[in-house]
Amino acid sequence: MTVDVNANVANVANIDREENLDSGYKDDLLKIGKYTFKSRLIVGTGKYPDFKTMRDAIELSGAEIITVAVRRIDFNAGENMLSYIDQSKYTLLPNTAGCYTAEDAVNTLRLARELDVFKTSLVKLEVIGDKKTLYPNNEELIKAAKILVKEGFTVMPYMMDDPVAAKKLEDTGCPVVMPLASPIGSGLGIRNPYNLMIIKETVSIPVIVDAGVGTASDASKTMEIGVDGILMNTAIAAAKDPLKMALAMKYAVKAGRLAYLAGRMPMKLYAQASTSMEGIVF
């Protein structure tokens with residue numbers, strides 16, 4: 001299936017002159033198990049005003065992985081979100097949104113594996129523990145991860161920002177961990193950057209922040225602390241202009257990553273002249 005980029009996308013894309021932005025960093029790839037990706041931005045498919053806007057925003061985001069809630073796809077409908085996604089261009093990442101037990105999550109992903117649309121073993125595992133906050137249940141998450149890893153899935157677990165749980169998930173065989181920045185859909189940005197930094201030190205696998213990023217500055221700050229990527233949905237889908245926000249997030253993730261790799265200048269209490277006055281003759 002070929003997806004045409006319509007005039008509206010083309011107009012927004014005119015802003016995008018960044019082809020040389022990451023020149024010299026082409027080897028800075030995101031590796032998740034046996035899979036390798038150029039983009040460090042993963043996007044979702046929910047909450048958009050319509051499927052066309054979803055498709056165009058995904059195109060502009062530059063993402064290579066698109067996560068899809070298996071339980072929210074109506075496969076009996078003549079047209080669903082998958083009808084608008086060029087599956088030759090993207091890796092579809094089935095997720096277990098709406099699951100509250102390990103058993104439910106495992107069964108959902110077993111079902112996804114039987115569907116022709118999901119062509120990889122890559123899955124996003126989430127087990128919700130509280131209906132109000134939608135916080136993950138790390139205990140059930142680890143339980144489900146153990147089963148799925150043994151069954152050959154490449155598990156990307158969405159978790160609370162708990163370094164101990166992150167290490168347990170790594171030991172289980174997960175090739176990545178995905179702690180939240182703040183409650184899903186909240187747009188609050190990073191509430192506890194120190195926990196994310198500790199998780200990054202604790203595990204030897206990639207750390208991808210999932211949930212809570214609200215705008216481009218949040219994305220850039222998140223990447224600057226050294227995490228390996230970001231998964232987001234609502235920040236783009238619920239923006240007044242999802243297309244412009246998708247492009248903003250593409251730049252923000254790249255800029256934050258480059259800033260981290262560059263290493264920021266040390267912070268100082270007092271001013272320091274940009275040009276040294278030492279040795280100057282007046």
# chains A, B, ... in the order shown; residues from 1 in each chain; ligands from 1
call {"tool": "select_by_dssp", "arguments": {"residues": "region 54-182 of chain A", "states": "strand (DSSP E)", "output": "tab-separated table (two decimals) with C-alpha atoms, in the first residue's frame"}}
result
chain	number	residue	atom	x	y	z
A	65	ILE	CA	8.10	2.33	15.15
A	66	ILE	CA	4.36	2.84	15.58
A	67	THR	CA	2.61	1.35	18.58
A	68	VAL	CA	-0.94	0.04	18.17
A	69	ALA	CA	-3.38	-1.03	20.91
A	91	THR	CA	7.46	-1.43	12.29
A	92	LEU	CA	4.12	-1.99	13.99
A	93	LEU	CA	4.44	-2.45	17.74
A	94	PRO	CA	1.36	-4.17	19.25
A	95	ASN	CA	0.68	-3.09	22.83
A	122	LEU	CA	8.59	-6.87	18.97
A	123	VAL	CA	5.81	-6.05	21.47
A	124	LYS	CA	5.04	-3.36	24.03
A	125	LEU	CA	3.92	-4.83	27.33
A	154	THR	CA	11.02	-9.18	22.17
A	155	VAL	CA	9.41	-7.41	25.12
A	156	MET	CA	9.39	-3.63	25.61
A	157	PRO	CA	7.89	-3.18	29.11
A	158	TYR	CA	6.12	0.03	30.17
A	159	MET	CA	6.90	0.46	33.86
A	178	MET	CA	10.30	1.93	29.34
A	179	PRO	CA	9.76	3.95	32.54
call {"tool": "residues_around", "arguments": {"residues": "region 136-145 of chain A", "least_positions_apart": "3", "cutoff": "9 Å", "atoms": "only C-alpha atoms", "output": "ChimeraX atom specification"}}
result
/A:100-103,105-106,125-130,133,148-150,153,155-160,162,165,168-169,172-174,180
call {"tool": "closest_residue", "arguments": {"among": "A:Arg72, A:Val177, A:Lys146, A:Thr53", "to": "Gly98 (chain A)", "atoms": "only C-alpha atoms"}}
result
A:Arg72
call {"tool": "residues_around", "arguments": {"residues": "Tyr84 (chain A)", "least_positions_apart": "3", "cutoff": "8 Å", "atoms": "only C-alpha atoms", "output": "ChimeraX atom specification"}}
result
/A:3,51-52,55,80-81
call {"tool": "residues_around", "arguments": {"residues": "Lys250 (chain A)", "least_positions_apart": "3", "cutoff": "9 Å", "atoms": "only C-alpha atoms", "output": "number ranges by chain"}}
result
A: 39-41, 60-63, 216, 245-247, 253-255
call {"tool": "write_last_selection", "arguments": {"atoms": "N, CA and C atoms", "output": "short mmCIF file (atom, residue, chain, number, x, y, z; two decimals), in the first residue's frame"}}
result
data_model
loop_
_atom_site.label_atom_id
_atom_site.label_comp_id
_atom_site.auth_asym_id
_atom_site.auth_seq_id
_atom_site.Cartn_x
_atom_site.Cartn_y
_atom_site.Cartn_z
N SER A 39 15.59 6.37 14.00
CA SER A 39 14.83 7.34 14.80
C SER A 39 14.74 6.88 16.25
N ARG A 40 14.85 7.82 17.17
CA ARG A 40 14.72 7.53 18.59
C ARG A 40 13.34 7.98 19.12
N LEU A 41 12.46 8.30 18.20
CA LEU A 41 11.10 8.69 18.55
C LEU A 41 10.14 7.59 18.12
N LEU A 60 5.31 12.94 9.45
CA LEU A 60 6.14 14.09 9.79
C LEU A 60 7.05 13.84 10.99
N SER A 61 6.66 12.93 11.87
CA SER A 61 7.44 12.68 13.08
C SER A 61 8.78 12.01 12.79
N GLY A 62 8.88 11.35 11.65
CA GLY A 62 10.10 10.63 11.32
C GLY A 62 10.25 9.32 12.07
N ALA A 63 9.23 8.93 12.83
CA ALA A 63 9.30 7.69 13.61
C ALA A 63 9.33 6.47 12.69
N ALA A 216 7.62 19.99 23.06
CA ALA A 216 8.97 19.77 22.52
C ALA A 216 10.06 19.98 23.57
N MET A 245 3.19 19.78 15.67
CA MET A 245 3.76 19.20 16.88
C MET A 245 4.57 17.95 16.57
N ALA A 246 4.13 17.16 15.62
CA ALA A 246 4.88 15.96 15.23
C ALA A 246 6.26 16.35 14.72
N LEU A 247 6.32 17.40 13.93
CA LEU A 247 7.60 17.87 13.41
C LEU A 247 8.45 18.46 14.52
N VAL A 253 13.65 15.63 19.83
CA VAL A 253 14.33 14.38 20.18
C VAL A 253 15.74 14.37 19.62
N LYS A 254 15.90 14.80 18.37
CA LYS A 254 17.23 14.86 17.77
C LYS A 254 18.11 15.87 18.48
N ALA A 255 17.57 17.04 18.77
CA ALA A 255 18.37 18.09 19.42
C ALA A 255 18.80 17.65 20.82
#
call {"tool": "select_by_dssp", "arguments": {"residues": "region 34-101 of chain A", "states": "helix (DSSP H, G or I)", "output": "VMD selection string"}}
result
chain A and resid 51 to 61 70 to 72 81 to 84
call {"tool": "closest_residue", "arguments": {"among": "A:Ser121, A:Gln272, A:Ser217, A:Asn233", "to": "Ile32 (chain A)", "atoms": "only C-alpha atoms"}}
result
A:Ser121
call {"tool": "residues_around", "arguments": {"residues": "Pro193 (chain A)", "least_positions_apart": "5", "cutoff": "12 Å", "atoms": "only C-alpha atoms", "output": "PyMOL selection string"}}
result
chain A and resi 161-162+179-182+198-200+209+218+221-227
call {"tool": "atom_distance", "arguments": {"atom1": "CA of Ala237 (chain A)", "atom2": "CA of Gly44 (chain A)"}}
result
8.6 Å
call {"tool": "closest_residue", "arguments": {"among": "A:Ile230, A:Ala273, A:Ile184, A:Leu196", "to": "Gly212 (chain A)", "atoms": "only C-alpha atoms"}}
result
A:Ile184
call {"tool": "decode", "arguments": {"residues": "region 62-76 of chain A", "atoms": "N, CA, C and O atoms", "output": "short mmCIF file (atom, residue, chain, number, x, y, z; two decimals), in the first residue's frame"}}
result
data_model
loop_
_atom_site.label_atom_id
_atom_site.label_comp_id
_atom_site.auth_asym_id
_atom_site.auth_seq_id
_atom_site.Cartn_x
_atom_site.Cartn_y
_atom_site.Cartn_z
N GLY A 62 8.88 11.35 11.65
CA GLY A 62 10.10 10.63 11.32
C GLY A 62 10.25 9.32 12.07
O GLY A 62 11.28 8.65 11.97
N ALA A 63 9.23 8.93 12.83
CA ALA A 63 9.30 7.69 13.61
C ALA A 63 9.33 6.47 12.69
O ALA A 63 8.78 6.50 11.58
N GLU A 64 9.98 5.43 13.15
CA GLU A 64 10.02 4.17 12.41
C GLU A 64 9.19 3.08 13.10
O GLU A 64 8.82 2.10 12.47
N ILE A 65 8.92 3.27 14.39
CA ILE A 65 8.10 2.33 15.15
C ILE A 65 6.79 3.01 15.51
O ILE A 65 6.78 4.13 16.02
N ILE A 66 5.69 2.32 15.25
CA ILE A 66 4.36 2.84 15.58
C ILE A 66 3.67 1.84 16.48
O ILE A 66 3.51 0.67 16.11
N THR A 67 3.27 2.27 17.67
CA THR A 67 2.61 1.35 18.58
C THR A 67 1.10 1.38 18.40
O THR A 67 0.50 2.45 18.19
N VAL A 68 0.49 0.20 18.44
CA VAL A 68 -0.94 0.04 18.17
C VAL A 68 -1.57 -0.79 19.30
O VAL A 68 -1.05 -1.85 19.65
N ALA A 69 -2.66 -0.29 19.86
CA ALA A 69 -3.38 -1.03 20.91
C ALA A 69 -4.20 -2.15 20.26
O ALA A 69 -5.18 -1.88 19.57
N VAL A 70 -3.78 -3.37 20.48
CA VAL A 70 -4.42 -4.53 19.84
C VAL A 70 -5.90 -4.59 20.16
O VAL A 70 -6.74 -4.84 19.29
N ARG A 71 -6.25 -4.31 21.40
CA ARG A 71 -7.65 -4.47 21.85
C ARG A 71 -8.56 -3.36 21.33
O ARG A 71 -9.77 -3.44 21.49
N ARG A 72 -7.99 -2.34 20.72
CA ARG A 72 -8.81 -1.21 20.26
C ARG A 72 -8.94 -1.16 18.75
O ARG A 72 -9.45 -0.18 18.20
N ILE A 73 -8.46 -2.19 18.07
CA ILE A 73 -8.60 -2.24 16.62
C ILE A 73 -9.85 -3.06 16.27
O ILE A 73 -10.00 -4.19 16.73
N ASP A 74 -10.71 -2.48 15.50
CA ASP A 74 -11.91 -3.19 15.05
C ASP A 74 -11.59 -3.85 13.71
O ASP A 74 -11.69 -3.24 12.66
N PHE A 75 -11.21 -5.12 13.77
CA PHE A 75 -10.82 -5.83 12.56
C PHE A 75 -12.01 -6.17 11.68
O PHE A 75 -11.85 -6.56 10.53
N ASN A 76 -13.21 -6.01 12.21
CA ASN A 76 -14.42 -6.29 11.43
C ASN A 76 -14.89 -5.06 10.66
O ASN A 76 -15.76 -5.15 9.79
#
